[in-house]
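K.L.:
Structure file structure_24.cif (mmCIF, C-alpha atoms) is given on the next line.
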data_final
loop_
_atom_site.label_atom_id
_atom_site.label_comp_id
_atom_site.auth_asym_id
_atom_site.auth_seq_id
_atom_site.Cartn_x
_atom_site.Cartn_y
_atom_site.Cartn_z
CA MET V 1135 84.56 92.04 94.56
CA ARG V 1136 85.79 88.58 95.57
CA LEU V 1137 87.04 88.03 99.12
CA PHE V 1138 89.79 85.77 100.45
CA CYS V 1139 90.83 85.21 104.08
CA ASN V 1140 94.33 83.91 104.82
CA GLY V 1141 94.59 82.83 101.20
CA ARG V 1142 91.27 80.99 100.91
CA PRO V 1143 87.80 82.04 99.68
CA VAL V 1144 85.73 83.32 102.57
CA ASP V 1145 82.52 81.95 104.03
CA VAL V 1146 79.99 83.36 106.48
CA ASP V 1147 82.06 82.23 109.49
CA VAL V 1148 84.80 84.63 108.38
CA LEU V 1149 82.59 87.55 107.44
CA ALA V 1150 80.62 87.70 110.70
CA PRO V 1151 83.62 88.52 112.96
CA ALA V 1152 84.86 91.02 110.37
CA LEU V 1153 81.79 93.15 111.19
CA VAL V 1154 83.12 93.94 114.69
CA ASN V 1155 84.72 97.01 113.08
CA TYR V 1156 88.10 96.69 114.76
CA GLY V 1157 91.01 96.43 112.37
CA HIS V 1158 93.00 98.29 109.76
CA PHE V 1159 93.67 98.06 106.05
CA THR V 1160 95.50 99.29 103.00
CA SER V 1161 94.23 99.74 99.45
CA LEU V 1162 96.32 99.41 96.31
CA GLN V 1163 96.25 98.96 92.57
CA VAL V 1164 97.75 95.95 90.81
CA ARG V 1165 98.82 96.27 87.18
CA GLY V 1166 100.30 93.32 85.33
CA GLY V 1167 100.78 91.48 88.61
CA ALA V 1168 102.88 94.32 90.07
CA VAL V 1169 102.37 97.07 92.67
CA GLN V 1170 103.93 100.48 93.20
CA GLY V 1171 105.06 101.03 96.79
CA TRP V 1172 104.47 97.43 97.88
CA ALA V 1173 107.08 97.71 100.64
CA LEU V 1174 105.30 100.80 102.00
CA HIS V 1175 101.95 98.99 102.02
CA VAL V 1176 103.53 96.08 103.90
CA GLN V 1177 105.14 98.49 106.35
CA ARG V 1178 101.78 100.20 106.98
CA LEU V 1179 100.06 96.87 107.61
CA ARG V 1180 102.77 95.61 109.94
CA GLN V 1181 102.81 98.83 111.96
CA GLY V 1182 99.03 98.85 112.25
CA THR V 1183 98.98 95.21 113.33
CA ARG V 1184 101.49 95.88 116.09
CA GLU V 1185 99.56 98.91 117.31
CA LEU V 1186 96.07 97.41 117.25
CA PHE V 1187 96.82 93.77 118.08
CA ASP V 1188 100.34 93.67 119.59
CA ALA V 1189 101.07 91.05 116.95
CA ASP V 1190 103.39 90.59 113.98
CA LEU V 1191 102.21 90.25 110.40
CA ASP V 1192 104.33 87.94 108.26
CA ALA V 1193 105.22 89.77 105.04
CA ALA V 1194 105.96 86.60 103.08
CA SER V 1195 102.57 85.07 103.91
CA LEU V 1196 100.83 88.34 103.03
CA GLN V 1197 102.44 88.46 99.59
CA ARG V 1198 101.71 84.77 98.99
CA TRP V 1199 98.03 85.20 99.92
CA LEU V 1200 97.64 88.23 97.65
CA LYS V 1201 99.24 86.42 94.74
CA ARG V 1202 97.00 83.39 95.34
CA ALA V 1203 93.90 85.62 95.40
CA LEU V 1204 94.85 87.29 92.12
CA GLU V 1205 95.49 83.90 90.52
CA ALA V 1206 92.14 82.58 91.76
CA CYS V 1207 90.41 85.57 90.13
CA GLU V 1208 92.55 85.10 86.99
CA VAL V 1209 93.44 88.79 86.84
CA GLY V 1210 96.67 90.76 86.49
CA ASP V 1211 95.01 94.15 86.94
CA ALA V 1212 92.85 94.83 90.00
CA SER V 1213 91.84 97.10 92.85
CA VAL V 1214 92.84 95.42 96.11
CA ARG V 1215 91.92 96.01 99.73
CA ILE V 1216 93.86 94.13 102.41
CA THR V 1217 92.23 94.21 105.85
CA VAL V 1218 93.83 92.91 109.05
CA PHE V 1219 91.37 91.86 111.76
CA SER V 1220 90.87 88.92 114.13
CA ARG V 1221 88.07 86.39 114.24
CA ALA V 1222 88.97 85.86 117.90
CA PHE V 1223 88.82 89.55 118.92
CA ASP V 1224 86.47 90.19 121.84
CA PHE V 1225 85.48 93.84 122.28
CA ARG V 1226 84.72 93.07 125.94
CA GLN V 1227 88.38 92.10 126.46
CA PRO V 1228 90.22 94.11 123.82
CA GLN V 1229 93.64 93.60 125.42
CA GLN V 1230 93.44 89.84 125.14
CA ALA V 1231 96.07 88.40 122.79
CA VAL V 1232 94.45 87.03 119.62
CA PRO V 1233 95.64 85.55 116.32
CA ILE V 1234 95.23 87.87 113.36
CA ASP V 1235 93.47 87.23 110.06
CA VAL V 1236 94.01 88.84 106.66
CA LEU V 1237 91.01 89.57 104.45
CA ILE V 1238 91.83 90.35 100.81
CA GLY V 1239 89.26 91.86 98.45
CA ILE V 1240 89.87 91.75 94.70
CA GLY V 1241 87.90 94.22 92.55
CA VAL V 1242 88.04 95.84 89.13
CA PRO V 1243 90.88 98.30 88.40
CA ALA V 1244 90.15 101.91 89.34
CA THR V 1245 89.62 104.67 86.79
CA MET V 1246 90.34 108.30 87.57
CA PRO V 1247 88.07 111.33 87.03
CA VAL V 1248 89.16 113.59 84.19
CA ALA V 1249 87.35 116.80 85.12
CA GLY V 1250 88.51 118.85 88.09
CA ARG V 1251 86.59 118.15 91.30
CA ALA V 1252 85.05 120.70 93.66
CA VAL V 1253 85.50 119.98 97.37
CA LEU V 1254 84.03 121.49 100.52
CA ALA V 1255 86.22 122.29 103.53
CA VAL V 1256 84.74 120.94 106.78
CA SER V 1257 85.97 121.00 110.36
CA TYR V 1258 86.96 117.45 111.32
CA GLN V 1259 89.95 115.53 112.68
CA ARG V 1260 90.18 111.77 112.21
CA GLU V 1261 90.72 109.70 115.34
CA LEU V 1262 94.03 107.83 115.45
CA ALA V 1263 94.75 109.52 112.14
CA HIS V 1264 98.11 107.83 111.52
CA VAL V 1265 96.44 104.39 111.33
CA LYS V 1266 94.37 103.45 108.28
CA HIS V 1267 91.73 101.88 110.50
CA VAL V 1268 88.31 100.58 109.50
CA GLY V 1269 86.42 103.36 111.32
CA THR V 1270 85.40 105.08 108.09
CA PHE V 1271 81.88 106.24 109.01
CA PRO V 1272 82.78 109.95 109.49
CA LEU V 1273 84.73 110.02 106.22
CA PHE V 1274 81.76 108.95 104.17
CA HIS V 1275 79.32 110.99 106.26
CA TYR V 1276 81.17 114.21 105.49
CA ARG V 1277 81.55 113.22 101.85
CA ARG V 1278 77.78 112.71 101.71
CA GLN V 1279 77.16 116.12 103.29
CA ALA V 1280 79.51 117.78 100.83
CA MET V 1281 77.76 116.14 97.89
CA ALA V 1282 74.38 117.26 99.25
CA ALA V 1283 75.75 120.82 99.20
CA GLY V 1284 76.71 120.49 95.53
CA TYR V 1285 80.35 119.43 95.90
CA ASP V 1286 82.16 116.23 94.95
CA ASP V 1287 83.91 115.50 98.25
CA ALA V 1288 85.06 116.86 101.62
CA LEU V 1289 88.40 118.33 102.70
CA PHE V 1290 89.20 118.23 106.42
CA VAL V 1291 90.42 121.20 108.45
CA ASP V 1292 91.56 120.73 112.05
CA ALA V 1293 90.71 122.81 115.12
CA ALA V 1294 93.70 125.08 114.49
CA GLY V 1295 92.43 125.85 110.99
CA CYS V 1296 95.04 123.74 109.21
CA ILE V 1297 94.14 121.68 106.16
CA SER V 1298 94.95 118.04 106.89
CA GLU V 1299 93.58 115.64 104.24
CA GLY V 1300 90.55 114.75 102.15
CA SER V 1301 87.97 112.15 103.05
CA THR V 1302 90.02 109.28 101.60
CA TRP V 1303 92.90 111.14 99.98
CA ASN V 1304 95.84 113.45 100.51
CA VAL V 1305 96.21 116.79 98.77
CA ALA V 1306 99.10 118.70 97.17
CA PHE V 1307 99.11 122.38 96.27
CA TRP V 1308 101.09 124.39 93.71
CA ASP V 1309 102.31 127.92 94.39
CA GLY V 1310 103.78 128.44 90.94
CA GLY V 1311 107.21 127.09 91.81
CA ARG V 1312 106.93 124.50 94.57
CA VAL V 1313 104.66 121.67 95.57
CA ILE V 1314 103.14 122.33 98.99
CA TRP V 1315 102.16 119.41 101.22
CA PRO V 1316 99.89 120.38 104.17
CA GLN V 1317 101.45 119.88 107.58
CA ALA V 1318 98.83 118.58 110.02
CA THR V 1319 97.83 115.40 111.81
CA ALA V 1320 96.67 113.10 109.01
CA LEU V 1321 97.08 109.68 107.46
CA ARG V 1322 100.22 109.87 105.35
CA GLY V 1323 99.29 107.92 102.24
CA VAL V 1324 101.54 105.59 100.28
CA SER V 1325 100.90 107.58 97.10
CA GLU V 1326 101.87 110.80 98.88
CA LEU V 1327 105.17 109.25 99.98
CA LEU V 1328 105.86 107.93 96.47
CA LEU V 1329 105.12 111.35 95.00
CA MET V 1330 107.48 113.08 97.41
CA ASP V 1331 110.27 110.67 96.49
CA GLY V 1332 109.50 111.11 92.79
CA LEU V 1333 109.56 114.90 93.02
CA ALA V 1334 112.91 114.73 94.78
CA ALA V 1335 114.24 112.51 91.97
CA LEU V 1336 113.07 115.08 89.42
CA GLY V 1337 114.73 117.89 91.35
CA GLN V 1338 111.39 119.60 91.90
CA GLY V 1339 111.10 121.90 94.89
CA GLN V 1340 108.59 120.87 97.54
CA VAL V 1341 107.88 121.66 101.17
CA ARG V 1342 105.61 120.46 103.96
CA ARG V 1343 104.08 123.33 105.92
CA GLU V 1344 100.86 124.39 107.58
CA VAL V 1345 98.23 125.50 105.08
CA HIS V 1346 95.27 127.54 106.34
CA LEU V 1347 92.22 128.18 104.17
CA PRO V 1348 93.02 131.90 103.59
CA MET V 1349 96.40 130.82 102.16
CA LEU V 1350 94.68 129.07 99.25
CA ALA V 1351 94.39 132.43 97.51
CA GLY V 1352 98.14 132.16 96.92
CA MET V 1353 97.91 128.68 95.38
CA SER V 1354 97.34 128.19 91.66
CA GLY V 1355 96.81 124.42 91.61
CA ALA V 1356 95.62 121.51 93.74
CA VAL V 1357 95.65 117.75 93.17
CA ALA V 1358 94.22 114.88 95.22
CA CYS V 1359 96.02 111.55 95.50
CA ASN V 1360 95.42 108.12 96.94
CA SER V 1361 96.00 104.50 95.98
CA THR V 1362 93.60 104.75 93.03
CA GLY V 1363 95.64 107.54 91.43
CA LEU V 1364 95.67 111.31 90.98
CA TRP V 1365 92.96 113.77 90.04
CA PRO V 1366 92.79 117.58 89.78
CA LEU V 1367 90.83 119.83 92.11
CA ALA V 1368 89.06 122.67 90.35
CA ARG V 1369 88.15 124.48 93.53
CA ILE V 1370 87.93 124.32 97.31
CA GLY V 1371 84.84 126.17 98.41
CA GLU V 1372 84.86 129.32 96.29
CA GLN V 1373 88.63 129.30 95.71
CA VAL V 1374 89.31 128.35 92.08
CA PHE V 1375 92.59 126.79 90.90
CA GLU V 1376 93.63 127.56 87.31
CA GLN V 1377 96.77 125.40 87.13
CA SER V 1378 95.68 122.10 88.65
CA ASP V 1379 96.25 120.36 85.31
CA LEU V 1380 99.87 121.55 85.29
CA LEU V 1381 100.39 120.22 88.80
CA LEU V 1382 98.69 116.96 87.81
CA GLU V 1383 101.10 116.52 84.91
CA LEU V 1384 104.07 117.14 87.21
CA LEU V 1385 102.85 114.68 89.82
CA GLN V 1386 102.15 112.04 87.19
CA ARG V 1387 105.77 112.31 86.09
CA ALA V 1388 106.88 112.06 89.71
CA LEU V 1389 104.78 108.95 90.28
CA GLY V 1390 106.31 107.45 87.17
CA GLU V 1391 109.63 107.44 89.03
CA ALA V 1392 108.34 104.81 91.47
CA PRO V 1393 109.25 101.24 90.50
CA TRP V 1394 106.70 98.45 90.22
CA ALA V 1395 107.30 95.43 92.46
CA VAL V 1396 106.25 92.11 90.95
CA LEU V 1397 104.25 90.05 93.46
#
Please express the file's structure as structure tokens.
P.N.:
Amino acid sequence: MRLFCNGRPVDVDVLAPALVNYGHFTSLQVRGGAVQGWALHVQRLRQGTRELFDADLDAASLQRWLKRALEACEVGDASVRITVFSRAFDFRQPQQAVPIDVLIGIGVPATMPVAGRAVLAVSYQRELAHVKHVGTFPLFHYRRQAMAAGYDDALFVDAAGCISEGSTWNVAFWDGGRVIWPQATALRGVSELLLMDGLAALGQGQVRREVHLPMLAGMSGAVACNSTGLWPLARIGEQVFEQSDLLLELLQRALGEAPWAVL
């Protein structure tokens, strides 16, 4: 992965302050110099910047810096992470007004798993869940624990027993007629929002409601989604899903309804 800060290749002076672990980010896929849901990614970054730094993020500069980074790497297809932080942030005086910086990482395009994944439900609620912040330690810790138990990833369940989200992904269920989106405090992903719009365009029934683990017995399919794409879930714990591939096909068609914005 190559890194660029405010449109220029980074050096050690940039990377050191980035380790303070205060900031937020978005991840996306670029194909042919275009992005699905670019406006939603910009909206997420601007909202996070206002909440964490009481500052505004200029959308035009952001797009220009991303385009410059892609051109410097000479790629049209890439995995991209855009992180907003501040080299001037002082954790001793976190309310102090500071200028913001934008760190852009350019990596290879993502590929999606073909086989259905098995995930382990764990009790956990992300802090400040509506912000895609850089505090990712618990996410990867629970993923690691799930893998040690023989699973591929972790699915989070809140204190009320409601399914919220996966470690770094959202989840959709299929009840044989409708797509079910879990209602709980969680990070609402860009891909999830695009899928909901796409399903509406297709005239496909969908609903957001609380989903408790015992209710999974009434679901026949489950699919995970994030900025890298979509992949089927074969089971959650011991609950097996026989129609995840059917749901995957439906969601792929729904995602196909989202336009690509040229950078």
K.L.:
Would you mind reading off the distance between atom CA of Phe1219 of chain V and atom CA of Asn1140 of chain V, one decimal, in Å?
P.N.:
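If I compute the distance from atom CA of Phe1219 of chain V to atom CA of Asn1140 of chain V, I get 11.0 Å.
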K.L.:
Spell out the residues picked by the PyMOL selection byres ((chain V and resi 1353-1357) around 10) here, as a ChimeraX atom specification.
P.N.:
/V:1250-1251,1303-1314,1349-1352,1358-1359,1364-1370,1373-1383,1385
K.L.:
Using all atoms listed in the file, pick whichever of V:Pro1143, V:Gly1371, V:Gly1167, V:Gly1339 has the shortest atom-to-atom distance to Ala1288 of chain V.
P.N.:
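With all atoms listed in the file as the atom set, the closest residue is V:Gly1371.
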K.L.:
Measure the distance from atom CA of Ala1193 of chain V to atom CA of Arg1165 of chain V in Å and round it to one decimal.
P.N.:
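Calculated distance between atom CA of Ala1193 of chain V and atom CA of Arg1165 of chain V is 20.1 Å.
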K.L.:
What residues come out when you apply the PyMOL selection byres ((chain V and resi 1156-1164) around 7) to this file, written as a tab-separated table (two decimals) with C-alpha atoms, in the frame of the given file?
P.N.:
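File produced: part.tsv:
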chain	number	residue	atom	x	y	z
V	1154	VAL	CA	83.12	93.94	114.69
V	1155	ASN	CA	84.72	97.01	113.08
V	1165	ARG	CA	98.82	96.27	87.18
V	1166	GLY	CA	100.30	93.32	85.33
V	1167	GLY	CA	100.78	91.48	88.61
V	1168	ALA	CA	102.88	94.32	90.07
V	1169	VAL	CA	102.37	97.07	92.67
V	1175	HIS	CA	101.95	98.99	102.02
V	1179	LEU	CA	100.06	96.87	107.61
V	1182	GLY	CA	99.03	98.85	112.25
V	1210	GLY	CA	96.67	90.76	86.49
V	1211	ASP	CA	95.01	94.15	86.94
V	1212	ALA	CA	92.85	94.83	90.00
V	1213	SER	CA	91.84	97.10	92.85
V	1214	VAL	CA	92.84	95.42	96.11
V	1215	ARG	CA	91.92	96.01	99.73
V	1216	ILE	CA	93.86	94.13	102.41
V	1217	THR	CA	92.23	94.21	105.85
V	1218	VAL	CA	93.83	92.91	109.05
V	1219	PHE	CA	91.37	91.86	111.76
V	1243	PRO	CA	90.88	98.30	88.40
V	1266	LYS	CA	94.37	103.45	108.28
V	1267	HIS	CA	91.73	101.88	110.50
V	1268	VAL	CA	88.31	100.58	109.50
V	1361	SER	CA	96.00	104.50	95.98
V	1362	THR	CA	93.60	104.75	93.03
K.L.:
Expanded to explicit residues, what is the PyMOL selection byres ((chain V and resi 1296) around 10) for this file, as a PyMOL selection string?
P.N.:
chain V and resi 1257+1290-1295+1297-1299+1316-1319+1343-1347
K.L.:
Any idea what the distance is between atom CA of Val1236 of chain V and atom CA of Phe1187 of chain V?
P.N.:
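One can read the atom CA of Val1236 of chain V to atom CA of Phe1187 of chain V distance as 12.8 Å.
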K.L.:
Can you list, as a count of residues only, every protein, DNA or RNA residue that comes within 12 Å of Phe1223 of chain V when you count all atoms listed in the file, leaving out same-chain residues fewer than 2 positions away?
P.N.:
25
K.L.:
Point out the residue among V:Leu1384, V:Leu1137, V:Ala1392, V:Ala1335 with the least atom-to-atom distance to Cys1207 of chain V, counting only C-alpha atoms.
P.N.:
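With only C-alpha atoms as the atom set, the closest residue is V:Leu1137.
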K.L.:
Which residues are near Ala1282 of chain V? Cut-off 12 Å, only C-alpha atoms, ignore same chain within fewer than 6 positions. Put them as number ranges by chain.
P.N.:
V: 1253-1254, 1275-1276, 1288
K.L.:
Pick from V:Leu1333, V:Ile1240, V:Ala1320, V:Ala1222: nearest to Arg1202 of chain V, with only C-alpha atoms counted?
P.N.:
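When distances to Arg1202 of chain V are compared using only C-alpha atoms, the smallest one comes from V:Ile1240.
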K.L.:
Using the file's own x, y and z axes, what box holds all listed atoms of segment 1156-1165 of chain V with 5 Å on each side, keeping edges along x, y and z, and what are its centre and edge lengths in Å to one decimal, as lines of an AutoDock Vina configuration file?
P.N.:
center_x = 93.5
center_y = 97.8
center_z = 101.0
size_x = 20.7
size_y = 13.8
size_z = 37.6
K.L.:
Counting only C-alpha atoms, I want the residues whose atoms come within 9 Å of (89.5, 108.5, 101.1) in the file frame, returned as JSON, numbers by chain.
P.N.:
{"V": [1270, 1273, 1274, 1299, 1300, 1301, 1302, 1303, 1304, 1360]}
K.L.:
Pull out segment 1184-1248 of chain V, keep C-alpha atoms, and write it as a PDB file, in the first residue's frame.
P.N.:
ATOM      1  CA  ARG V1184     -17.295  17.713  12.338  1.00  0.00           C
ATOM      2  CA  GLU V1185     -17.942  15.355  15.242  1.00  0.00           C
ATOM      3  CA  LEU V1186     -14.326  14.546  16.111  1.00  0.00           C
ATOM      4  CA  PHE V1187     -12.596  17.805  15.191  1.00  0.00           C
ATOM      5  CA  ASP V1188     -15.324  20.493  14.958  1.00  0.00           C
ATOM      6  CA  ALA V1189     -13.915  21.196  11.510  1.00  0.00           C
ATOM      7  CA  ASP V1190     -15.067  21.087   7.896  1.00  0.00           C
ATOM      8  CA  LEU V1191     -13.621  18.780   5.268  1.00  0.00           C
ATOM      9  CA  ASP V1192     -13.501  20.249   1.783  1.00  0.00           C
ATOM     10  CA  ALA V1193     -15.056  17.744  -0.631  1.00  0.00           C
ATOM     11  CA  ALA V1194     -13.357  19.193  -3.715  1.00  0.00           C
ATOM     12  CA  SER V1195      -9.891  18.925  -2.148  1.00  0.00           C
ATOM     13  CA  LEU V1196     -10.627  15.375  -1.004  1.00  0.00           C
ATOM     14  CA  GLN V1197     -11.586  14.264  -4.508  1.00  0.00           C
ATOM     15  CA  ARG V1198      -8.571  16.031  -6.022  1.00  0.00           C
ATOM     16  CA  TRP V1199      -6.175  14.363  -3.554  1.00  0.00           C
ATOM     17  CA  LEU V1200      -7.641  10.917  -4.215  1.00  0.00           C
ATOM     18  CA  LYS V1201      -7.382  11.374  -7.964  1.00  0.00           C
ATOM     19  CA  ARG V1202      -3.781  12.574  -7.599  1.00  0.00           C
ATOM     20  CA  ALA V1203      -2.909   9.529  -5.469  1.00  0.00           C
ATOM     21  CA  LEU V1204      -4.396   7.130  -8.015  1.00  0.00           C
ATOM     22  CA  GLU V1205      -2.516   8.861 -10.823  1.00  0.00           C
ATOM     23  CA  ALA V1206       0.742   8.703  -8.864  1.00  0.00           C
ATOM     24  CA  CYS V1207       0.252   4.937  -8.449  1.00  0.00           C
ATOM     25  CA  GLU V1208      -0.746   4.652 -12.132  1.00  0.00           C
ATOM     26  CA  VAL V1209      -3.812   2.553 -11.312  1.00  0.00           C
ATOM     27  CA  GLY V1210      -7.491   2.704 -12.239  1.00  0.00           C
ATOM     28  CA  ASP V1211      -8.506  -0.167  -9.965  1.00  0.00           C
ATOM     29  CA  ALA V1212      -7.609  -0.078  -6.265  1.00  0.00           C
ATOM     30  CA  SER V1213      -8.609  -0.578  -2.655  1.00  0.00           C
ATOM     31  CA  VAL V1214      -8.576   2.815  -0.945  1.00  0.00           C
ATOM     32  CA  ARG V1215      -8.613   3.905   2.682  1.00  0.00           C
ATOM     33  CA  ILE V1216      -9.106   7.599   3.448  1.00  0.00           C
ATOM     34  CA  THR V1217      -8.268   8.570   7.030  1.00  0.00           C
ATOM     35  CA  VAL V1218      -8.930  11.981   8.575  1.00  0.00           C
ATOM     36  CA  PHE V1219      -6.646  12.892  11.495  1.00  0.00           C
ATOM     37  CA  SER V1220      -4.580  15.876  12.633  1.00  0.00           C
ATOM     38  CA  ARG V1221      -0.836  16.193  12.996  1.00  0.00           C
ATOM     39  CA  ALA V1222      -1.525  18.986  15.488  1.00  0.00           C
ATOM     40  CA  PHE V1223      -3.914  16.987  17.718  1.00  0.00           C
ATOM     41  CA  ASP V1224      -2.838  16.934  21.368  1.00  0.00           C
ATOM     42  CA  PHE V1225      -4.526  14.226  23.449  1.00  0.00           C
ATOM     43  CA  ARG V1226      -3.801  16.320  26.555  1.00  0.00           C
ATOM     44  CA  GLN V1227      -5.969  19.124  25.128  1.00  0.00           C
ATOM     45  CA  PRO V1228      -8.412  17.305  22.863  1.00  0.00           C
ATOM     46  CA  GLN V1229     -10.803  20.254  22.590  1.00  0.00           C
ATOM     47  CA  GLN V1230      -8.175  22.515  21.108  1.00  0.00           C
ATOM     48  CA  ALA V1231      -8.978  23.557  17.531  1.00  0.00           C
ATOM     49  CA  VAL V1232      -6.572  21.934  15.068  1.00  0.00           C
ATOM     50  CA  PRO V1233      -6.179  21.757  11.285  1.00  0.00           C
ATOM     51  CA  ILE V1234      -7.103  18.398   9.799  1.00  0.00           C
ATOM     52  CA  ASP V1235      -5.045  16.139   7.551  1.00  0.00           C
ATOM     53  CA  VAL V1236      -6.174  13.507   5.056  1.00  0.00           C
ATOM     54  CA  LEU V1237      -4.185  10.292   4.713  1.00  0.00           C
ATOM     55  CA  ILE V1238      -4.959   8.225   1.602  1.00  0.00           C
ATOM     56  CA  GLY V1239      -3.787   4.637   1.237  1.00  0.00           C
ATOM     57  CA  ILE V1240      -3.810   2.992  -2.193  1.00  0.00           C
ATOM     58  CA  GLY V1241      -3.735  -0.830  -2.296  1.00  0.00           C
ATOM     59  CA  VAL V1242      -4.572  -3.687  -4.628  1.00  0.00           C
ATOM     60  CA  PRO V1243      -8.241  -4.275  -5.552  1.00  0.00           C
ATOM     61  CA  ALA V1244     -10.143  -6.551  -3.177  1.00  0.00           C
ATOM     62  CA  THR V1245     -11.296 -10.047  -4.102  1.00  0.00           C
ATOM     63  CA  MET V1246     -14.282 -11.679  -2.457  1.00  0.00           C
ATOM     64  CA  PRO V1247     -14.499 -15.158  -0.882  1.00  0.00           C
ATOM     65  CA  VAL V1248     -16.527 -17.647  -2.903  1.00  0.00           C
TER      66      VAL V1248
END
